[in-house]
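J.: This is the structure, below, for whatever I ask next.
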Amino acid sequence: MTQTSTTTADTGAGNAPYLVVDDLTVRFPTADGLVQAVSNLSYTLEQGRTLGIVGESGSGKSVSSMAVMGLHDYKRTQMSGSIRVGGKEIVGLSNDKMKEIRGADVAMIFQDPLTSLHPFYSIGAQISEAYRAHNDVSKSAARTKAIEMLDRVGIPQARSRVDDFPHQFSGGMRQRAMIAMSLVNDPKLLIADEPTTALDVTVQAQILDLLQDLQRDFNSAIIIITHDLGVVAEMADEVLVMYGGRCVEHGPTKELLTHPEMPYTWGLLSSVPDVDSDTSARLIPIPGNPPSLLDPPAGCAFNPRCAHKDKVPGDLCATELPELLPGARGAGHLKRCHLANPDQIYEREVLPEIPLDLTPATDDADTIAPENRD
Amino acid sequence: MTEPDVVPARTPAEGGSTPILEVTNLTKYFPVKSSGLVRRTIGQVQAVDGVSFSVKRGSSLGLVGESGCGKSTTGRLITRLYDPTSGSMKFDGREISTLSNKQMLPLRSEIQMIFQDPYSSLNPRHTVGTIVGTPLRVHKMVPEKQVLKRVQELLEVVGLNPEHYNRYPNEFSGGQRQRIGIARALALQPKLLVADEPVSALDVSIQAQVVNLLQDVQKQFDIAFLFIAHDLAVVRHFCPEVAVMYLGKVVEIADRETLYARPHHPYTQALLSAVPDVKQAAVGGRRERIRLEGDVPSPINPPSGCRFRTRCWMAQEICARQEPPLLQIGKSHKVACHFAGEFGSMPTSPITLNALGVDGKGEPIAGASTSVEDFQKPGYADTWTDVASHQAASASMVGEGGIGAGMTDEQRGEGGQRR
């Protein structure tokens with residue numbers, strides 16, 4: 001294994017990104033044909049930072065993250081490109097080697113804590129197992145560690161609850177137990193796949209608080225996969241919007257959500273109501289359905305649902321896949337779209353009809369809340 | 001009524017129409033049986049406990065709350081999928097809580113339901129034509145020969161291709177399946193639709209399509225909706241009136257403008273402050289929020305007095321002793337809290353003593369008259385007492401007992417601030 005840490009140049013920052021995903025492509029051969037789940041995805045993530053991946057079901061957001069965990073069966077999956085975690089290449093790594101990384105350096109929190117926890121084993125036993133898989137310690141030491149972790153994530157009376165079974169925990173407590181399990185080895189990268197979708201809003205707020213506290217304490221990098229733009233707006237430093245297996249827009253959260261440049265992102269913003277938007281306004285849905293990944297549309301995958309494709313000359317949207325390039329607003333904000341002047345269209349046509357008021361705040365808001373950065 | 005300061009302002013009669021549905025003191029207890037040979041009832045899950053509300057003709061009432069608060073049970077009681085333990089449900093002026101299944105049959109066509117999961121609520125072995133046509137046949141809405149024609153009409157109404165009547169549910173996407181469920185509910189031209197989380201299983205971009213469709217059919221056919229959801233933003237968008245439930249009780253009910261802008265119950269305040277906000281992107285970082293401690297208590301053994309007190313930052317002694325009545329404090333605003341008030345300026349002494357006829361410790365005062373029945377009436381009265389008057393009237397009743405332990409700022413917590 002070559003352990004040299006490569007590609008530090010692209011961010012320009014002093015610290016090397018902990019996770020580098022470069023030109024990742026994942027394909028699943030099925031009886032119906034080749035499912036093009038993820039195509040040419042590239043991003044980087046530094047420690048202590050949070051990346052939000054947004055998209056609909058079938059947009060490839062979970063598949064790409066499971067690739068980072070090495071969870072795809074290599075025999076049945078066609079993977080190309082490169083994923084480097086802490087400088088170590090993961091694509092093509094043997095399962096035994098992957099086991100050393102998985103759970104120790106990279107951990108994952110799944111969406112549904114009831115199906116992700118084993119119903120026959122106690123919570124404590126499951127957390128201890130994760131700890132002992134990577135640390136040579138006695139059972140009693142692992143149990144102490146499990147109690148410590150349950151206490152850390154806010155389970156009351158952790159000492160007496162450690163022997164409870166998953167069904168004895170409420171939904172929020174199960175999700176906390178999942179988080180305790182994934183954090184037991186102090187991972188440097190945490191992937192949270194829809195961590196709060198199954199939870200109520202007050203519990204969701206508690207879990208998001210917890211993730212932020214833990215990030216502050218352990219300086220982990222976090223990937224948060226969600227379809228809730230509100231969660232992304234409050235949690236993420238950077239946002240990556242996926243559609244049809246490709247990244248269609250990528251940039252810093254504030255920049256991307258206040259000046260989105262891709263019609264799909266506009267559609268996402270205009271189709272959700274807000275708790276203080278105008279109630280007489282109609283929601284503006286994205287017409288049609290998400291594309292089939294068996295046979296994605298030619299050109300831009302979003303073109304059959306796009307309301308602005310007639311603004312691009314020569315039917316370019318239906319014939320040529322746009323490159324992921326910086327837009328007019330600087331190198332940090334990438335978009336995959338043929339539209340020449342998205343900012344103008346957004347301000348003139350989209351923003352006035354959007355139910356939520358997303359007018360960018362004054363620039364003094366640049367002083368980011370302390371919890372966001374250490 | 002012993003309320004001294006009645007605000008004289010009168011509301012104009014609400015369009016003169018009677019509500020389509022009036023629910024009074026509705027209760028559903030599920031028995032908990034012991035294990036063993038003789039399965040004795042050893043407890044009761046108090047899923048819905050004394051809920052009152054009304055739904056106006058052609059309008060929508062939203063029911064929000066966290067999982068386990070009894071909102072889905074309420075929906076199923078109204079469609080009589082469950083039999084209520086006690087209470088009254090008047091549909092179109094007719095009492096339906098005590099009707100037998102047979103008596104209920106003709107009414108079933110008028111109350112229909114849309115389910116949450118479009119994958120499990122459609123029979124996979126039936127074609128769309130059969131699914132949507134069955135209610136027509138069962139209720140003999142149209143002659144057999146015209147069933148197909150009507151099915152195609154309905155499919156067109158909900159935005160599906162009428163030619164697809166002979167396809168099976170698995171050939172449709174989630175959003176399209178939800179449309180099939182809506183077509184089935186519309187088949188009998190109901191007056192009331194109970195929509196139990198109709199969009200929460202759908203993708204974001206599809207949710208808006210279905211919400212718009214529901215608004216269209218509501219306008220087109222003048223259907224009243226009981227809209228059950230946990231997504232506060234969708235409920236606000238769809239329903240002019242919203243009720244918040246906690247552990248089987250309605251804690252606050254109001255028109256949407258009041259409820260979302262000036263919530264008076266601590267739970268509603270906490271709920272609203274917890275919704276992640278897209279606009280926060282312009283500011284960066286997290287929004288200040290009210291943090292609730294702990295989990296929802298078990299409905300088998302709910303806390304005494306106010307059910308929210310175990311997680312409430314305002315809770316005092318009286319909250320454990322007396323259950324707060326659902327007081328009307330505005331033209332269309334009712335709240336059940338001893339310390340109801342806007343966030344940041346909530347009263348420090350209980351406002352409900354006068355209404356309950358108790359002193360500051362929650363002990364009943366001899367001779368004080370109460371009007372418990374008034375608090376269980378659905379809808380809103382023409383006259384009401386605002387919070388300040390309630391508080392003034394209650395202050396005189398605190399008595400020598402005082403208001404329990406005085407609350408310090410620390411106990412009240414710093415909480416959060418809604419923008």
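Ligands are numbered from 1 in the order shown, chains are lettered A, B, ... in the order of the structure tokens, and residues start at 1 in each chain.
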Excluding same-chain residues fewer than 6 positions from region 26-37 of chain A, what lies within 7 Å of it counting only C-alpha atoms, as an NGL selection string?
T.: :A and (60 or 63 or 76-80 or 245 or 293-294)
J.: Quick one: which residues from chain B are at most 8 Å off chain A, using only C-alpha atoms, as number ranges by chain?
T.: B: 66-67, 203-209, 211-212, 230, 232-234, 236-238, 260, 270-271, 274-287, 291-292, 295
J.: Keeping only N, CA and C atoms, write the selected residues to a file as a compact mmCIF listing (two decimals), in the first residue's frame.
T.:
```txt
# COMPACT_ATOMS: atom_id res chain seq x y z
N GLU B 66 -45.76 15.07 17.72
CA GLU B 66 -44.71 14.10 17.48
C GLU B 66 -45.30 12.70 17.45
N SER B 67 -44.50 11.74 17.03
CA SER B 67 -45.02 10.38 16.94
C SER B 67 -45.48 9.93 18.32
N ASP B 203 -40.71 11.98 -2.14
CA ASP B 203 -39.53 12.81 -2.35
C ASP B 203 -39.92 14.29 -2.34
N VAL B 204 -38.95 15.14 -2.01
CA VAL B 204 -39.25 16.56 -1.85
C VAL B 204 -39.92 17.15 -3.08
N SER B 205 -39.38 16.84 -4.26
CA SER B 205 -39.90 17.49 -5.46
C SER B 205 -41.30 16.96 -5.78
N ILE B 206 -41.64 15.77 -5.29
CA ILE B 206 -42.95 15.18 -5.55
C ILE B 206 -43.98 15.66 -4.52
N GLN B 207 -43.49 15.92 -3.30
CA GLN B 207 -44.39 16.42 -2.24
C GLN B 207 -45.20 17.61 -2.70
N ALA B 208 -44.51 18.56 -3.33
CA ALA B 208 -45.20 19.78 -3.76
C ALA B 208 -46.28 19.45 -4.78
N GLN B 209 -46.01 18.50 -5.67
CA GLN B 209 -47.03 18.11 -6.65
C GLN B 209 -48.28 17.59 -5.95
N VAL B 211 -49.24 18.05 -2.74
CA VAL B 211 -49.89 19.10 -1.94
C VAL B 211 -50.75 19.98 -2.85
N ASN B 212 -50.20 20.36 -4.01
CA ASN B 212 -50.98 21.17 -4.95
C ASN B 212 -52.23 20.43 -5.43
N HIS B 230 -46.58 15.58 10.51
CA HIS B 230 -45.63 16.08 11.49
C HIS B 230 -44.80 17.23 10.91
N LEU B 232 -44.37 20.68 10.03
CA LEU B 232 -45.08 21.91 10.41
C LEU B 232 -45.24 22.86 9.24
N ALA B 233 -44.27 22.88 8.35
CA ALA B 233 -44.37 23.83 7.23
C ALA B 233 -45.46 23.41 6.25
N VAL B 234 -45.56 22.12 5.98
CA VAL B 234 -46.61 21.66 5.05
C VAL B 234 -47.99 21.90 5.65
N ARG B 236 -48.84 24.18 7.79
CA ARG B 236 -49.14 25.61 7.74
C ARG B 236 -49.56 26.03 6.34
N HIS B 237 -48.92 25.43 5.34
CA HIS B 237 -49.25 25.78 3.97
C HIS B 237 -50.67 25.33 3.62
N PHE B 238 -51.08 24.21 4.15
CA PHE B 238 -52.34 23.60 3.71
C PHE B 238 -53.55 23.99 4.57
N TYR B 260 -48.50 30.13 14.40
CA TYR B 260 -47.10 30.12 13.98
C TYR B 260 -46.38 31.41 14.36
N ALA B 270 -41.50 25.22 21.47
CA ALA B 270 -40.34 24.35 21.29
C ALA B 270 -40.38 23.67 19.92
N LEU B 271 -41.57 23.22 19.55
CA LEU B 271 -41.75 22.52 18.27
C LEU B 271 -41.35 23.44 17.11
N ALA B 274 -37.68 24.21 16.68
CA ALA B 274 -36.82 23.10 16.29
C ALA B 274 -36.78 22.86 14.79
N VAL B 275 -37.65 23.53 14.03
CA VAL B 275 -37.68 23.29 12.59
C VAL B 275 -36.44 23.91 11.95
N PRO B 276 -35.63 23.11 11.26
CA PRO B 276 -34.46 23.69 10.60
C PRO B 276 -34.90 24.66 9.50
N ASP B 277 -34.16 25.72 9.35
CA ASP B 277 -34.60 26.80 8.48
C ASP B 277 -33.61 27.00 7.33
N VAL B 278 -34.10 26.95 6.11
CA VAL B 278 -33.22 27.14 4.95
C VAL B 278 -32.60 28.53 4.98
N LYS B 279 -33.36 29.49 5.46
CA LYS B 279 -32.86 30.87 5.45
C LYS B 279 -31.64 31.05 6.33
N GLN B 280 -31.41 30.07 7.22
CA GLN B 280 -30.26 30.15 8.10
C GLN B 280 -28.97 30.13 7.28
N ALA B 281 -29.04 29.67 6.05
CA ALA B 281 -27.85 29.63 5.20
C ALA B 281 -27.25 31.02 5.04
N ALA B 282 -28.09 32.03 5.01
CA ALA B 282 -27.59 33.39 4.81
C ALA B 282 -26.84 33.89 6.04
N VAL B 283 -27.14 33.31 7.20
CA VAL B 283 -26.52 33.75 8.45
C VAL B 283 -25.36 32.84 8.83
N GLY B 284 -25.55 31.55 8.61
CA GLY B 284 -24.52 30.59 8.97
C GLY B 284 -24.74 30.08 10.38
N GLY B 285 -24.35 28.83 10.63
CA GLY B 285 -24.50 28.26 11.95
C GLY B 285 -25.93 27.87 12.25
N ARG B 286 -26.13 27.46 13.50
CA ARG B 286 -27.45 26.97 13.89
C ARG B 286 -28.29 28.10 14.45
N ARG B 287 -29.60 27.93 14.33
CA ARG B 287 -30.52 28.88 14.91
C ARG B 287 -30.63 28.57 16.41
N ARG B 291 -34.43 23.97 23.83
CA ARG B 291 -34.05 22.57 23.94
C ARG B 291 -34.96 21.87 24.93
N LEU B 292 -35.64 20.84 24.48
CA LEU B 292 -36.47 20.05 25.38
C LEU B 292 -35.62 18.92 25.92
N ASP B 295 -37.52 12.44 26.90
CA ASP B 295 -38.40 11.89 25.88
C ASP B 295 -39.86 12.08 26.29
```
J.: Counting only C-alpha atoms, figure out which residue out of B:Ile96, B:Leu202, B:Ile131, B:Cys69 gets nearest to Thr24 (chain B).
T.: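 Once distances to Thr24 (chain B) are computed over only C-alpha atoms, the minimum belongs to B:Ile96.
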J.: Please report, as a ChimeraX atom specification, each residue of region 110-336 of chain B to which DSSP assigns alpha helix (DSSP H) when run on this structure's backbone.
T.: /B:128-138,147-157,174-186,204-221,232-238,256-261,266-273,317-321
J.: To one decimal place in Å, what is the distance between CA of Phe375 (chain B) and CA of Asp83 (chain B)?
T.: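 Taking CA of Phe375 (chain B) as the start and CA of Asp83 (chain B) as the end point, the length is 23.5 Å.
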J.: What does the distance from CA of Val153 (chain A) to CA of Ala67 (chain A) come to in Å, to one decimal?
T.: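 Pair CA of Val153 (chain A) / CA of Ala67 (chain A) returns 27.0 Å.
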J.: Give me, as a PDB file with N, CA and C atoms, in the first residue's frame, all polymer residues having an atom no more than 7 Å from region 109-121 of chain B, counting only C-alpha atoms and skipping those fewer than 3 positions away in the same chain.
T.:
```pdb
ATOM      1  N   THR B  79     -62.738   8.137  11.139  1.00  0.00           N
ATOM      2  CA  THR B  79     -63.203   7.261  10.066  1.00  0.00           C
ATOM      3  C   THR B  79     -63.834   5.995  10.633  1.00  0.00           C
ATOM      4  N   PRO B 106     -73.673   3.618   5.130  1.00  0.00           N
ATOM      5  CA  PRO B 106     -73.939   4.710   4.182  1.00  0.00           C
ATOM      6  C   PRO B 106     -73.066   5.938   4.439  1.00  0.00           C
ATOM      7  N   GLY B 174     -43.766   6.397  -6.506  1.00  0.00           N
ATOM      8  CA  GLY B 174     -44.393   6.723  -5.221  1.00  0.00           C
ATOM      9  C   GLY B 174     -45.420   7.837  -5.325  1.00  0.00           C
ATOM     10  N   ARG B 177     -48.481   6.621  -7.123  1.00  0.00           N
ATOM     11  CA  ARG B 177     -49.290   5.749  -6.275  1.00  0.00           C
ATOM     12  C   ARG B 177     -50.117   6.566  -5.309  1.00  0.00           C
ATOM     13  N   GLN B 178     -49.513   7.631  -4.757  1.00  0.00           N
ATOM     14  CA  GLN B 178     -50.276   8.463  -3.839  1.00  0.00           C
ATOM     15  C   GLN B 178     -51.458   9.093  -4.576  1.00  0.00           C
ATOM     16  N   GLY B 181     -54.193   6.594  -4.614  1.00  0.00           N
ATOM     17  CA  GLY B 181     -54.889   6.598  -3.326  1.00  0.00           C
ATOM     18  C   GLY B 181     -55.849   7.768  -3.222  1.00  0.00           C
ATOM     19  N   ILE B 182     -55.460   8.915  -3.773  1.00  0.00           N
ATOM     20  CA  ILE B 182     -56.326  10.089  -3.728  1.00  0.00           C
ATOM     21  C   ILE B 182     -57.539   9.868  -4.635  1.00  0.00           C
ATOM     22  N   ALA B 185     -59.970   7.759  -2.849  1.00  0.00           N
ATOM     23  CA  ALA B 185     -60.693   8.486  -1.806  1.00  0.00           C
ATOM     24  C   ALA B 185     -61.740   9.417  -2.412  1.00  0.00           C
ATOM     25  N   LEU B 188     -65.945   8.395  -4.027  1.00  0.00           N
ATOM     26  CA  LEU B 188     -67.274   8.441  -3.418  1.00  0.00           C
ATOM     27  C   LEU B 188     -67.731   9.859  -3.136  1.00  0.00           C
ATOM     28  N   GLN B 189     -67.046  10.826  -3.666  1.00  0.00           N
ATOM     29  CA  GLN B 189     -67.373  12.233  -3.438  1.00  0.00           C
ATOM     30  C   GLN B 189     -67.593  12.522  -1.960  1.00  0.00           C
ATOM     31  N   PRO B 190     -66.551  12.321  -1.157  1.00  0.00           N
ATOM     32  CA  PRO B 190     -66.699  12.496   0.285  1.00  0.00           C
ATOM     33  C   PRO B 190     -66.829  13.976   0.656  1.00  0.00           C
ATOM     34  N   LYS B 191     -67.386  14.216   1.849  1.00  0.00           N
ATOM     35  CA  LYS B 191     -67.432  15.584   2.354  1.00  0.00           C
ATOM     36  C   LYS B 191     -66.236  15.863   3.248  1.00  0.00           C
ATOM     37  N   LEU B 192     -65.658  14.776   3.780  1.00  0.00           N
ATOM     38  CA  LEU B 192     -64.523  14.932   4.687  1.00  0.00           C
ATOM     39  C   LEU B 192     -63.453  13.923   4.292  1.00  0.00           C
ATOM     40  N   LEU B 193     -62.237  14.413   4.143  1.00  0.00           N
ATOM     41  CA  LEU B 193     -61.109  13.527   3.850  1.00  0.00           C
ATOM     42  C   LEU B 193     -60.147  13.572   5.026  1.00  0.00           C
ATOM     43  N   VAL B 194     -59.841  12.406   5.564  1.00  0.00           N
ATOM     44  CA  VAL B 194     -58.817  12.334   6.599  1.00  0.00           C
ATOM     45  C   VAL B 194     -57.515  11.951   5.901  1.00  0.00           C
ATOM     46  N   ALA B 195     -56.565  12.868   5.872  1.00  0.00           N
ATOM     47  CA  ALA B 195     -55.301  12.613   5.196  1.00  0.00           C
ATOM     48  C   ALA B 195     -54.236  12.398   6.255  1.00  0.00           C
ATOM     49  N   ASP B 196     -53.800  11.146   6.410  1.00  0.00           N
ATOM     50  CA  ASP B 196     -52.831  10.807   7.454  1.00  0.00           C
ATOM     51  C   ASP B 196     -51.431  10.811   6.846  1.00  0.00           C
ATOM     52  N   GLU B 197     -50.675  11.850   7.094  1.00  0.00           N
ATOM     53  CA  GLU B 197     -49.321  12.002   6.549  1.00  0.00           C
ATOM     54  C   GLU B 197     -49.299  11.721   5.044  1.00  0.00           C
ATOM     55  N   PRO B 198     -50.072  12.462   4.255  1.00  0.00           N
ATOM     56  CA  PRO B 198     -50.200  12.095   2.838  1.00  0.00           C
ATOM     57  C   PRO B 198     -48.938  12.338   2.023  1.00  0.00           C
ATOM     58  N   VAL B 199     -48.016  13.160   2.484  1.00  0.00           N
ATOM     59  CA  VAL B 199     -46.849  13.443   1.648  1.00  0.00           C
ATOM     60  C   VAL B 199     -45.529  13.044   2.289  1.00  0.00           C
ATOM     61  N   SER B 200     -45.553  12.536   3.525  1.00  0.00           N
ATOM     62  CA  SER B 200     -44.259  12.377   4.194  1.00  0.00           C
ATOM     63  C   SER B 200     -43.434  11.231   3.620  1.00  0.00           C
ATOM     64  N   ALA B 201     -44.064  10.315   2.866  1.00  0.00           N
ATOM     65  CA  ALA B 201     -43.267   9.228   2.300  1.00  0.00           C
ATOM     66  C   ALA B 201     -42.724   9.578   0.914  1.00  0.00           C
TER      67      ALA B 201
END
```
J.: Excluding Tyr18 (chain A) and its own-chain neighbours fewer than 3 positions away, which residues fall within 8 Å of it when counting only C-alpha atoms? Please give them as number ranges by chain.
T.: A: 44-47, 84-87, 189, 221
J.: Select, from B:Asn166, B:Thr41, B:Ser60, B:Gln316, the residue with the minimum atom-to-atom distance to Glu241 (chain B), counting only C-alpha atoms.
T.: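 Result for the nearest residue to Glu241 (chain B): B:Ser60.
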J.: Report as an NGL selection string all protein, DNA and RNA residues lying within 10 Å of region 296-301 of chain B, evaluated on only C-alpha atoms, omitting residues in the same chain fewer than 5 positions from it.
T.: (:A and (170)) or (:B and (29-32 or 43-49 or 66-70 or 246-248 or 307-308 or 310-311))
J.: List every residue of region 41-148 of chain A that DSSP, applied to the backbone of this structure, places in strand (DSSP E), and write the result as a PyMOL selection string.
T.: chain A and resi 41-45+50-54+78-85+88-89+106-109
